[in-house]
>>> print(open('run.cif').read())   # mmCIF, C-alpha atoms
data_target
#
loop_
_atom_site.group_PDB
_atom_site.id
_atom_site.type_symbol
_atom_site.label_atom_id
_atom_site.label_comp_id
_atom_site.auth_asym_id
_atom_site.auth_seq_id
_atom_site.Cartn_x
_atom_site.Cartn_y
_atom_site.Cartn_z
ATOM 1 C CA MET A 210 0.000 0.000 0.000
ATOM 2 C CA PRO A 211 1.408 3.446 -0.844
ATOM 3 C CA ASP A 212 2.481 5.559 2.116
ATOM 4 C CA SER A 213 -0.032 8.250 1.175
ATOM 5 C CA LEU A 214 -2.904 5.832 1.745
ATOM 6 C CA LEU A 215 -1.444 4.720 5.086
ATOM 7 C CA PHE A 216 -1.237 8.332 6.250
ATOM 8 C CA MET A 217 -4.806 8.917 5.119
ATOM 9 C CA GLN A 218 -5.980 5.798 6.919
ATOM 10 C CA ARG A 219 -4.512 7.218 10.125
ATOM 11 C CA ALA A 220 -6.364 10.520 9.562
ATOM 12 C CA ILE A 221 -9.605 8.597 9.001
ATOM 13 C CA ALA A 222 -9.005 6.381 12.045
ATOM 14 C CA LEU A 223 -8.595 9.536 14.164
ATOM 15 C CA SER A 224 -11.799 10.981 12.721
ATOM 16 C CA ILE A 225 -13.734 7.917 13.887
ATOM 17 C CA GLU A 226 -11.999 7.207 17.196
ATOM 18 C CA LYS A 227 -12.137 10.766 18.514
ATOM 19 C CA MET A 228 -15.687 11.367 17.285
ATOM 20 C CA GLN A 229 -16.825 8.218 19.079
ATOM 21 C CA GLN A 230 -15.046 9.494 22.230
ATOM 22 C CA GLY A 231 -17.151 12.668 22.060
ATOM 23 C CA CYS A 232 -14.369 15.079 21.126
ATOM 24 C CA GLY A 233 -16.277 16.702 18.264
ATOM 25 C CA GLY A 234 -17.194 16.172 14.617
ATOM 26 C CA PRO A 235 -15.927 13.280 12.453
ATOM 27 C CA PHE A 236 -12.715 14.864 11.195
ATOM 28 C CA GLY A 237 -9.073 13.814 11.556
ATOM 29 C CA ALA A 238 -5.757 14.974 10.095
ATOM 30 C CA VAL A 239 -2.064 14.162 10.184
ATOM 31 C CA ILE A 240 0.959 16.165 9.086
ATOM 32 C CA VAL A 241 3.886 14.385 7.451
ATOM 33 C CA LYS A 242 7.461 15.550 6.997
ATOM 34 C CA ASP A 243 10.199 13.483 5.345
ATOM 35 C CA GLY A 244 7.923 10.452 5.285
ATOM 36 C CA GLN A 245 7.125 10.559 9.012
ATOM 37 C CA VAL A 246 3.948 11.625 10.812
ATOM 38 C CA ILE A 247 4.971 14.580 12.988
ATOM 39 C CA ALA A 248 1.540 15.657 14.227
ATOM 40 C CA GLU A 249 -2.026 14.409 14.546
ATOM 41 C CA GLY A 250 -5.192 16.442 14.927
ATOM 42 C CA PHE A 251 -8.897 15.868 15.328
ATOM 43 C CA ASN A 252 -11.980 17.988 15.730
ATOM 44 C CA GLN A 253 -12.448 19.255 19.297
ATOM 45 C CA VAL A 254 -14.910 22.098 18.735
ATOM 46 C CA THR A 255 -17.624 20.975 21.130
ATOM 47 C CA SER A 256 -15.497 19.285 23.798
ATOM 48 C CA GLN A 257 -13.029 22.175 24.051
ATOM 49 C CA ASN A 258 -15.500 24.995 23.396
ATOM 50 C CA ASP A 259 -13.263 26.176 20.583
ATOM 51 C CA PRO A 260 -14.851 26.834 17.180
ATOM 52 C CA THR A 261 -11.351 26.989 15.659
ATOM 53 C CA ALA A 262 -10.326 23.536 16.919
ATOM 54 C CA HIS A 263 -10.770 21.754 13.600
ATOM 55 C CA ALA A 264 -8.631 18.708 12.818
ATOM 56 C CA GLU A 265 -6.363 20.600 10.427
ATOM 57 C CA ILE A 266 -5.839 23.604 12.727
ATOM 58 C CA SER A 267 -5.127 21.277 15.646
ATOM 59 C CA ALA A 268 -2.597 19.323 13.573
ATOM 60 C CA ILE A 269 -0.902 22.502 12.337
ATOM 61 C CA ARG A 270 -0.589 23.872 15.853
ATOM 62 C CA GLN A 271 0.838 20.588 17.101
ATOM 63 C CA ALA A 272 3.306 20.277 14.203
ATOM 64 C CA CYS A 273 4.555 23.801 14.836
ATOM 65 C CA GLN A 274 5.105 23.024 18.522
ATOM 66 C CA GLN A 275 6.873 19.807 17.553
ATOM 67 C CA LEU A 276 9.237 21.568 15.147
ATOM 68 C CA GLN A 277 9.361 24.866 17.081
ATOM 69 C CA THR A 278 8.566 26.915 14.021
ATOM 70 C CA PHE A 279 5.645 28.785 12.503
ATOM 71 C CA ASP A 280 6.615 27.635 8.997
ATOM 72 C CA LEU A 281 5.674 24.118 7.843
ATOM 73 C CA HIS A 282 7.353 24.366 4.448
ATOM 74 C CA GLY A 283 8.226 20.817 3.357
ATOM 75 C CA CYS A 284 5.210 19.249 5.077
ATOM 76 C CA GLN A 285 2.145 17.508 3.689
ATOM 77 C CA LEU A 286 -1.285 17.508 5.304
ATOM 78 C CA TYR A 287 -3.583 14.477 5.174
ATOM 79 C CA THR A 288 -7.140 15.288 6.197
ATOM 80 C CA SER A 289 -10.182 13.026 6.247
ATOM 81 C CA CYS A 290 -12.293 15.788 4.654
ATOM 82 C CA GLU A 291 -11.667 18.684 2.307
ATOM 83 C CA PRO A 292 -10.556 21.624 4.496
ATOM 84 C CA CYS A 293 -13.042 24.417 5.178
ATOM 85 C CA PRO A 294 -12.007 27.979 4.227
ATOM 86 C CA MET A 295 -10.613 28.584 7.742
ATOM 87 C CA CYS A 296 -8.378 25.534 7.566
ATOM 88 C CA LEU A 297 -7.393 26.145 3.950
ATOM 89 C CA SER A 298 -6.258 29.654 4.883
ATOM 90 C CA ALA A 299 -4.368 28.250 7.881
ATOM 91 C CA ILE A 300 -2.675 25.807 5.466
ATOM 92 C CA CYS A 301 -1.602 28.841 3.408
ATOM 93 C CA TRP A 302 -0.309 30.719 6.460
ATOM 94 C CA ALA A 303 1.595 27.619 7.591
ATOM 95 C CA ARG A 304 3.177 27.256 4.110
ATOM 96 C CA ILE A 305 2.209 23.583 3.855
ATOM 97 C CA ASP A 306 3.325 22.126 0.501
ATOM 98 C CA GLN A 307 0.563 19.704 -0.383
ATOM 99 C CA VAL A 308 -2.848 18.512 0.812
ATOM 100 C CA PHE A 309 -4.453 15.078 0.575
ATOM 101 C CA TYR A 310 -8.151 14.867 1.412
ATOM 102 C CA ALA A 311 -10.789 12.113 1.402
ATOM 103 C CA ASN A 312 -14.383 13.283 1.828
ATOM 104 C CA THR A 313 -15.457 16.364 -0.122
ATOM 105 C CA ARG A 314 -17.197 19.533 1.048
ATOM 106 C CA GLU A 315 -20.365 18.150 -0.572
ATOM 107 C CA ASP A 316 -20.055 14.954 1.498
ATOM 108 C CA ALA A 317 -19.700 17.129 4.602
ATOM 109 C CA ALA A 318 -22.720 19.249 3.674
ATOM 110 C CA ARG A 319 -24.823 16.105 3.406
ATOM 111 C CA ILE A 320 -24.189 15.280 7.094
ATOM 112 C CA GLY A 321 -24.841 18.828 8.332
ATOM 113 C CA PHE A 322 -21.454 20.553 7.935
ATOM 114 C CA ASP A 323 -22.223 23.001 5.163
ATOM 115 C CA ASP A 324 -19.528 25.634 4.655
ATOM 116 C CA ALA A 325 -20.867 27.031 1.366
ATOM 117 C CA PHE A 326 -21.909 30.190 3.262
ATOM 118 C CA PHE A 327 -18.344 30.625 4.493
ATOM 119 C CA TYR A 328 -16.940 30.470 0.948
ATOM 120 C CA GLN A 329 -19.529 33.073 -0.048
ATOM 121 C CA GLN A 330 -18.520 35.390 2.794
ATOM 122 C CA VAL A 331 -14.793 35.126 2.084
ATOM 123 C CA CYS A 332 -15.182 35.582 -1.667
ATOM 124 C CA ALA A 333 -17.729 38.419 -1.603
ATOM 125 C CA PRO A 334 -16.629 42.068 -1.555
ATOM 126 C CA ILE A 335 -16.602 43.231 2.062
ATOM 127 C CA GLU A 336 -19.624 45.516 1.588
ATOM 128 C CA GLN A 337 -21.705 42.665 0.153
ATOM 129 C CA ARG A 338 -21.245 40.203 3.000
ATOM 130 C CA THR A 339 -24.148 38.937 5.090
ATOM 131 C CA ILE A 340 -22.160 39.603 8.257
ATOM 132 C CA PRO A 341 -22.021 43.416 8.588
ATOM 133 C CA PHE A 342 -18.514 44.885 8.366
ATOM 134 C CA THR A 343 -18.025 48.506 9.484
ATOM 135 C CA GLN A 344 -14.783 50.459 9.188
ATOM 136 C CA ILE A 345 -13.843 52.821 12.043
ATOM 137 C CA GLY A 346 -10.611 54.175 13.502
ATOM 138 C CA ARG A 347 -8.307 53.678 10.513
ATOM 139 C CA ASP A 348 -6.254 56.806 11.212
ATOM 140 C CA GLN A 349 -5.210 55.502 14.599
ATOM 141 C CA ALA A 350 -4.658 51.964 13.368
ATOM 142 C CA LEU A 351 -2.345 53.127 10.599
ATOM 143 C CA ASN A 352 -0.043 54.339 13.351
ATOM 144 C CA ALA A 353 0.409 50.727 14.495
ATOM 145 C CA PHE A 354 1.438 49.739 10.986
ATOM 146 C CA ALA A 355 3.910 52.627 10.777
ATOM 147 C CA GLN A 356 5.467 51.474 14.059
ATOM 148 C CA TRP A 357 5.802 47.948 12.660
ATOM 149 C CA GLN A 358 7.660 49.231 9.631
ATOM 150 C CA GLU A 359 10.054 51.155 11.866
ATOM 151 C CA LYS A 360 10.639 48.279 14.299
ATOM 152 C CA ASP A 361 14.246 47.122 13.946
ATOM 153 C CA ASP A 362 13.975 43.722 15.637
ATOM 154 C CA LYS A 363 10.747 42.497 14.081
ATOM 155 C CA VAL A 364 10.306 38.836 13.081
ATOM 156 C CA ASN A 365 8.646 38.642 9.674
ATOM 157 C CA TYR A 366 6.251 35.814 8.846
ATOM 158 C CA MET B 243 -17.036 59.241 22.145
ATOM 159 C CA PRO B 244 -19.193 56.347 20.942
ATOM 160 C CA ASP B 245 -18.564 52.994 22.590
ATOM 161 C CA SER B 246 -17.642 51.447 19.237
ATOM 162 C CA LEU B 247 -14.674 53.794 18.921
ATOM 163 C CA LEU B 248 -13.590 53.069 22.493
ATOM 164 C CA PHE B 249 -13.623 49.330 21.788
ATOM 165 C CA MET B 250 -11.646 49.885 18.600
ATOM 166 C CA GLN B 251 -9.133 52.039 20.458
ATOM 167 C CA ARG B 252 -8.536 49.121 22.816
ATOM 168 C CA ALA B 253 -7.978 46.776 19.855
ATOM 169 C CA ILE B 254 -5.502 49.248 18.364
ATOM 170 C CA ALA B 255 -3.738 49.749 21.699
ATOM 171 C CA LEU B 256 -3.270 45.981 21.944
ATOM 172 C CA SER B 257 -1.906 45.866 18.395
ATOM 173 C CA ILE B 258 0.799 48.372 19.317
ATOM 174 C CA GLU B 259 1.601 47.250 22.869
ATOM 175 C CA LYS B 260 1.935 43.538 22.067
ATOM 176 C CA MET B 261 3.822 44.132 18.830
ATOM 177 C CA GLN B 262 6.323 46.313 20.693
ATOM 178 C CA GLN B 263 6.676 43.519 23.282
ATOM 179 C CA GLY B 264 7.668 41.135 20.476
ATOM 180 C CA CYS B 265 4.557 38.955 20.514
ATOM 181 C CA GLY B 266 4.011 39.121 16.758
ATOM 182 C CA GLY B 267 2.579 41.355 14.046
ATOM 183 C CA PRO B 268 0.726 44.646 14.670
ATOM 184 C CA PHE B 269 -2.773 43.274 15.101
ATOM 185 C CA GLY B 270 -5.206 43.447 18.042
ATOM 186 C CA ALA B 271 -8.835 42.524 18.604
ATOM 187 C CA VAL B 272 -11.519 42.598 21.287
ATOM 188 C CA ILE B 273 -14.859 40.816 21.525
ATOM 189 C CA VAL B 274 -17.829 42.622 23.038
ATOM 190 C CA LYS B 275 -21.062 41.223 24.403
ATOM 191 C CA ASP B 276 -23.865 43.311 25.924
ATOM 192 C CA GLY B 277 -21.643 46.394 25.830
ATOM 193 C CA GLN B 278 -18.749 44.790 27.730
ATOM 194 C CA VAL B 279 -15.371 43.556 26.503
ATOM 195 C CA ILE B 280 -15.315 39.824 27.238
ATOM 196 C CA ALA B 281 -12.067 38.894 25.487
ATOM 197 C CA GLU B 282 -8.925 40.429 24.067
ATOM 198 C CA GLY B 283 -6.566 39.006 21.461
ATOM 199 C CA PHE B 284 -3.358 39.937 19.716
ATOM 200 C CA ASN B 285 -1.077 38.383 17.154
ATOM 201 C CA GLN B 286 1.269 35.774 18.642
ATOM 202 C CA VAL B 287 2.363 33.913 15.511
ATOM 203 C CA THR B 288 6.107 34.301 15.911
ATOM 204 C CA SER B 289 6.382 34.257 19.710
ATOM 205 C CA GLN B 290 4.158 31.185 20.110
ATOM 206 C CA ASN B 291 5.203 29.389 16.894
ATOM 207 C CA ASP B 292 1.552 29.235 15.918
ATOM 208 C CA PRO B 293 0.577 30.415 12.422
ATOM 209 C CA THR B 294 -3.085 30.387 13.507
ATOM 210 C CA ALA B 295 -2.532 32.712 16.486
ATOM 211 C CA HIS B 296 -3.941 35.808 14.827
ATOM 212 C CA ALA B 297 -5.569 38.493 16.977
ATOM 213 C CA GLU B 298 -9.093 37.498 15.965
ATOM 214 C CA ILE B 299 -8.597 33.748 16.459
ATOM 215 C CA SER B 300 -6.978 34.397 19.839
ATOM 216 C CA ALA B 301 -9.878 36.633 20.896
ATOM 217 C CA ILE B 302 -12.468 34.088 19.709
ATOM 218 C CA ARG B 303 -10.788 31.274 21.603
ATOM 219 C CA GLN B 304 -10.576 33.399 24.738
ATOM 220 C CA ALA B 305 -14.205 34.545 24.505
ATOM 221 C CA CYS B 306 -15.360 30.944 24.127
ATOM 222 C CA GLN B 307 -13.401 29.919 27.209
ATOM 223 C CA GLN B 308 -14.841 32.898 29.093
ATOM 224 C CA LEU B 309 -18.434 32.021 28.178
ATOM 225 C CA GLN B 310 -17.870 28.233 28.065
ATOM 226 C CA THR B 311 -19.472 27.914 24.658
ATOM 227 C CA PHE B 312 -18.452 27.400 21.032
ATOM 228 C CA ASP B 313 -21.169 29.812 19.848
ATOM 229 C CA LEU B 314 -20.571 33.581 20.079
ATOM 230 C CA HIS B 315 -23.984 34.572 18.772
ATOM 231 C CA GLY B 316 -24.750 38.050 20.173
ATOM 232 C CA CYS B 317 -21.115 39.163 20.150
ATOM 233 C CA GLN B 318 -19.306 41.821 18.128
ATOM 234 C CA LEU B 319 -15.652 41.659 17.087
ATOM 235 C CA TYR B 320 -13.468 44.770 16.927
ATOM 236 C CA THR B 321 -10.224 44.200 15.058
ATOM 237 C CA SER B 322 -7.467 46.661 14.239
ATOM 238 C CA CYS B 323 -7.267 45.290 10.680
ATOM 239 C CA GLU B 324 -9.662 43.651 8.245
ATOM 240 C CA PRO B 325 -9.660 39.920 9.051
ATOM 241 C CA CYS B 326 -7.775 37.563 6.743
ATOM 242 C CA PRO B 327 -9.743 34.666 5.171
ATOM 243 C CA MET B 328 -8.765 32.357 8.053
ATOM 244 C CA CYS B 329 -10.102 34.759 10.671
ATOM 245 C CA LEU B 330 -13.175 35.650 8.630
ATOM 246 C CA SER B 331 -14.059 31.962 8.386
ATOM 247 C CA ALA B 332 -13.456 31.572 12.123
ATOM 248 C CA ILE B 333 -15.853 34.504 12.667
ATOM 249 C CA CYS B 334 -18.428 32.565 10.633
ATOM 250 C CA TRP B 335 -17.868 29.333 12.595
ATOM 251 C CA ALA B 336 -18.144 31.274 15.873
ATOM 252 C CA ARG B 337 -21.443 32.870 14.730
ATOM 253 C CA ILE B 338 -20.252 36.387 15.590
ATOM 254 C CA ASP B 339 -22.916 38.979 14.721
ATOM 255 C CA GLN B 340 -20.926 41.948 13.513
ATOM 256 C CA VAL B 341 -17.369 43.032 12.741
ATOM 257 C CA PHE B 342 -15.722 46.421 13.126
ATOM 258 C CA TYR B 343 -12.296 46.857 11.500
ATOM 259 C CA ALA B 344 -9.815 49.720 11.103
ATOM 260 C CA ASN B 345 -6.966 49.082 8.642
ATOM 261 C CA THR B 346 -7.838 47.396 5.355
ATOM 262 C CA ARG B 347 -6.283 44.382 3.656
ATOM 263 C CA GLU B 348 -4.597 46.830 1.262
ATOM 264 C CA ASP B 349 -3.044 48.699 4.220
ATOM 265 C CA ALA B 350 -1.777 45.343 5.510
ATOM 266 C CA ALA B 351 -0.350 44.369 2.116
ATOM 267 C CA ARG B 352 1.617 47.621 2.053
ATOM 268 C CA ILE B 353 3.527 46.615 5.220
ATOM 269 C CA GLY B 354 4.194 43.055 4.060
ATOM 270 C CA PHE B 355 1.058 41.149 5.102
ATOM 271 C CA ASP B 356 -0.442 40.341 1.735
ATOM 272 C CA ASP B 357 -3.268 37.807 1.895
ATOM 273 C CA ALA B 358 -4.451 38.232 -1.708
ATOM 274 C CA PHE B 359 -3.005 34.782 -2.497
ATOM 275 C CA PHE B 360 -5.088 33.269 0.294
ATOM 276 C CA TYR B 361 -8.315 34.735 -1.081
ATOM 277 C CA GLN B 362 -7.365 33.303 -4.487
ATOM 278 C CA GLN B 363 -6.785 29.835 -3.029
ATOM 279 C CA VAL B 364 -10.072 29.785 -1.096
ATOM 280 C CA CYS B 365 -12.141 31.107 -3.980
ATOM 281 C CA ALA B 366 -10.591 28.998 -6.751
ATOM 282 C CA PRO B 367 -12.007 25.579 -7.676
ATOM 283 C CA ILE B 368 -10.013 22.948 -5.801
ATOM 284 C CA GLU B 369 -8.350 21.637 -8.966
ATOM 285 C CA GLN B 370 -7.143 25.116 -9.920
ATOM 286 C CA ARG B 371 -5.341 25.950 -6.691
ATOM 287 C CA THR B 372 -1.613 26.613 -6.534
ATOM 288 C CA ILE B 373 -1.322 24.298 -3.541
ATOM 289 C CA PRO B 374 -1.848 20.773 -4.910
ATOM 290 C CA PHE B 375 -4.946 19.000 -3.580
ATOM 291 C CA THR B 376 -5.243 15.239 -4.141
ATOM 292 C CA GLN B 377 -8.246 13.121 -3.224
ATOM 293 C CA ILE B 378 -7.613 9.620 -1.834
ATOM 294 C CA GLY B 379 -9.431 7.244 0.506
ATOM 295 C CA ARG B 380 -12.952 8.636 0.182
ATOM 296 C CA ASP B 381 -14.630 5.224 0.499
ATOM 297 C CA GLN B 382 -13.152 4.693 3.947
ATOM 298 C CA ALA B 383 -13.763 8.269 5.046
ATOM 299 C CA LEU B 384 -17.441 8.097 4.132
ATOM 300 C CA ASN B 385 -17.726 5.428 6.817
ATOM 301 C CA ALA B 386 -16.779 8.039 9.436
ATOM 302 C CA PHE B 387 -19.564 10.310 8.199
ATOM 303 C CA ALA B 388 -22.066 7.437 8.307
ATOM 304 C CA GLN B 389 -21.073 6.741 11.913
ATOM 305 C CA TRP B 390 -21.602 10.431 12.766
ATOM 306 C CA GLN B 391 -25.116 10.326 11.355
ATOM 307 C CA GLU B 392 -25.905 7.256 13.423
ATOM 308 C CA LYS B 393 -24.388 8.621 16.659
ATOM 309 C CA ASP B 394 -27.205 9.192 19.146
ATOM 310 C CA ASP B 395 -25.434 11.496 21.596
ATOM 311 C CA LYS B 396 -23.671 13.809 19.129
ATOM 312 C CA VAL B 397 -23.354 17.528 19.830
ATOM 313 C CA ASN B 398 -24.114 19.486 16.672
ATOM 314 C CA TYR B 399 -22.319 22.737 15.919
#
>>> encode(input="run.cif", output="structure tokens")
Amino acid sequence: MPDSLLFMQRAIALSIEKMQQGCGGPFGAVIVKDGQVIAEGFNQVTSQNDPTAHAEISAIRQACQQLQTFDLHGCQLYTSCEPCPMCLSAICWARIDQVFYANTREDAARIGFDDAFFYQQVCAPIEQRTIPFTQIGRDQALNAFAQWQEKDDKVNY
Amino acid sequence: MPDSLLFMQRAIALSIEKMQQGCGGPFGAVIVKDGQVIAEGFNQVTSQNDPTAHAEISAIRQACQQLQTFDLHGCQLYTSCEPCPMCLSAICWARIDQVFYANTREDAARIGFDDAFFYQQVCAPIEQRTIPFTQIGRDQALNAFAQWQEKDDKVNY
């Protein structure tokens, strides 16, 4: 069996085992570097009261602690379901190289996890979103950005 | 001064104070419920080695711990900069009612935080993304979803 399928089987096993333990929804993920699993994640939204605790986010956070970096360049993510827009953006921020997924967003929608609205919100112009967005205080906030540019010892990411 | 501007001033103050302390980028956020600040967040990506530790995500996680819920219905988010796609999706998952922001994504891009690529990745069809996405193992993963549907004591979110 190819390694990629073994890694995916582990992600799927996590999705079942942790869901049955009551951790959260049926979603698991592993992160692989140099052919080794370096982190595992599973959905913990309801058990941890954390709406951001998706399998992929949990795996990314764990991999970064493991490697002591905020940059997962050179890593692959295996997730039991196509990542939602939050997790996909986290994958971008983490600089993950490649994603393997099993179930699709349509499969997820059919069991009550419909993120079509989230794609709409992200992709719509800010003034056309359902969630109201109001701009205030830009003049003061620009000062923070100017201070960042002038900061000599900043760590870019 | 209207309360909304006071809340935003606190978000901006956090963005400056924590950035100058070396926590991460110049971004701060507060979450308000019933006219009271219930959580504060700031960027901690580089200091915590966590690419998901944006101001908004940090504030959402803290608010959920404070209220012991994964649902922030009835809350408003004040953020010193327009949320990136990851944070916007987290706002959706957390069911936050309304967002106030100060700097724009274009302001952020001008100081080196350009998330245009992330919007492209989220909004593109999966087969047209720059990051390669490969589907494997769906048959096994569908079994996890079937088990979720059959689970009697599941907590929906």
>>> interface_residues(input="run.cif", of="chain B", to="chain A", cutoff="7 Å", atoms="only C-alpha atoms", output="mmCIF file with C-alpha atoms, in the coordinates of the input")
data_model
loop_
_atom_site.group_PDB
_atom_site.id
_atom_site.type_symbol
_atom_site.label_atom_id
_atom_site.label_comp_id
_atom_site.auth_asym_id
_atom_site.auth_seq_id
_atom_site.Cartn_x
_atom_site.Cartn_y
_atom_site.Cartn_z
ATOM 1 C CA LEU B 247 -14.674 53.794 18.921
ATOM 2 C CA MET B 250 -11.646 49.885 18.600
ATOM 3 C CA ILE B 254 -5.502 49.248 18.364
ATOM 4 C CA SER B 257 -1.906 45.866 18.395
ATOM 5 C CA ILE B 258 0.799 48.372 19.317
ATOM 6 C CA PRO B 268 0.726 44.646 14.670
ATOM 7 C CA VAL B 287 2.363 33.913 15.511
ATOM 8 C CA THR B 288 6.107 34.301 15.911
ATOM 9 C CA ASN B 291 5.203 29.389 16.894
ATOM 10 C CA ASP B 292 1.552 29.235 15.918
ATOM 11 C CA PRO B 293 0.577 30.415 12.422
ATOM 12 C CA THR B 294 -3.085 30.387 13.507
ATOM 13 C CA ARG B 303 -10.788 31.274 21.603
ATOM 14 C CA CYS B 306 -15.360 30.944 24.127
ATOM 15 C CA GLN B 307 -13.401 29.919 27.209
ATOM 16 C CA GLN B 310 -17.870 28.233 28.065
ATOM 17 C CA THR B 311 -19.472 27.914 24.658
ATOM 18 C CA PHE B 312 -18.452 27.400 21.032
ATOM 19 C CA SER B 322 -7.467 46.661 14.239
ATOM 20 C CA PRO B 327 -9.743 34.666 5.171
ATOM 21 C CA MET B 328 -8.765 32.357 8.053
ATOM 22 C CA CYS B 329 -10.102 34.759 10.671
ATOM 23 C CA LEU B 330 -13.175 35.650 8.630
ATOM 24 C CA SER B 331 -14.059 31.962 8.386
ATOM 25 C CA ALA B 332 -13.456 31.572 12.123
ATOM 26 C CA CYS B 334 -18.428 32.565 10.633
ATOM 27 C CA TRP B 335 -17.868 29.333 12.595
ATOM 28 C CA ALA B 336 -18.144 31.274 15.873
ATOM 29 C CA ASP B 339 -22.916 38.979 14.721
ATOM 30 C CA GLN B 340 -20.926 41.948 13.513
ATOM 31 C CA VAL B 341 -17.369 43.032 12.741
ATOM 32 C CA PHE B 342 -15.722 46.421 13.126
ATOM 33 C CA TYR B 343 -12.296 46.857 11.500
ATOM 34 C CA ALA B 344 -9.815 49.720 11.103
ATOM 35 C CA ASN B 345 -6.966 49.082 8.642
ATOM 36 C CA ILE B 353 3.527 46.615 5.220
ATOM 37 C CA PHE B 360 -5.088 33.269 0.294
ATOM 38 C CA TYR B 361 -8.315 34.735 -1.081
ATOM 39 C CA VAL B 364 -10.072 29.785 -1.096
ATOM 40 C CA CYS B 365 -12.141 31.107 -3.980
ATOM 41 C CA ILE B 373 -1.322 24.298 -3.541
ATOM 42 C CA PRO B 374 -1.848 20.773 -4.910
ATOM 43 C CA PHE B 375 -4.946 19.000 -3.580
ATOM 44 C CA THR B 376 -5.243 15.239 -4.141
ATOM 45 C CA GLN B 377 -8.246 13.121 -3.224
ATOM 46 C CA ILE B 378 -7.613 9.620 -1.834
ATOM 47 C CA GLY B 379 -9.431 7.244 0.506
ATOM 48 C CA ARG B 380 -12.952 8.636 0.182
ATOM 49 C CA ALA B 383 -13.763 8.269 5.046
ATOM 50 C CA LEU B 384 -17.441 8.097 4.132
ATOM 51 C CA ALA B 386 -16.779 8.039 9.436
ATOM 52 C CA PHE B 387 -19.564 10.310 8.199
ATOM 53 C CA TRP B 390 -21.602 10.431 12.766
ATOM 54 C CA GLN B 391 -25.116 10.326 11.355
ATOM 55 C CA VAL B 397 -23.354 17.528 19.830
#
>>> atom_distance(input="run.cif", atom1="atom CA of A:Lys242", atom2="atom CA of A:Glu315")
29.0 Å
>>> atom_distance(input="run.cif", atom1="atom CA of B:Gly283", atom2="atom CA of B:Cys317")
14.6 Å
>>> atom_distance(input="run.cif", atom1="atom CA of A:Ile240", atom2="atom CA of B:Ala351")
29.1 Å
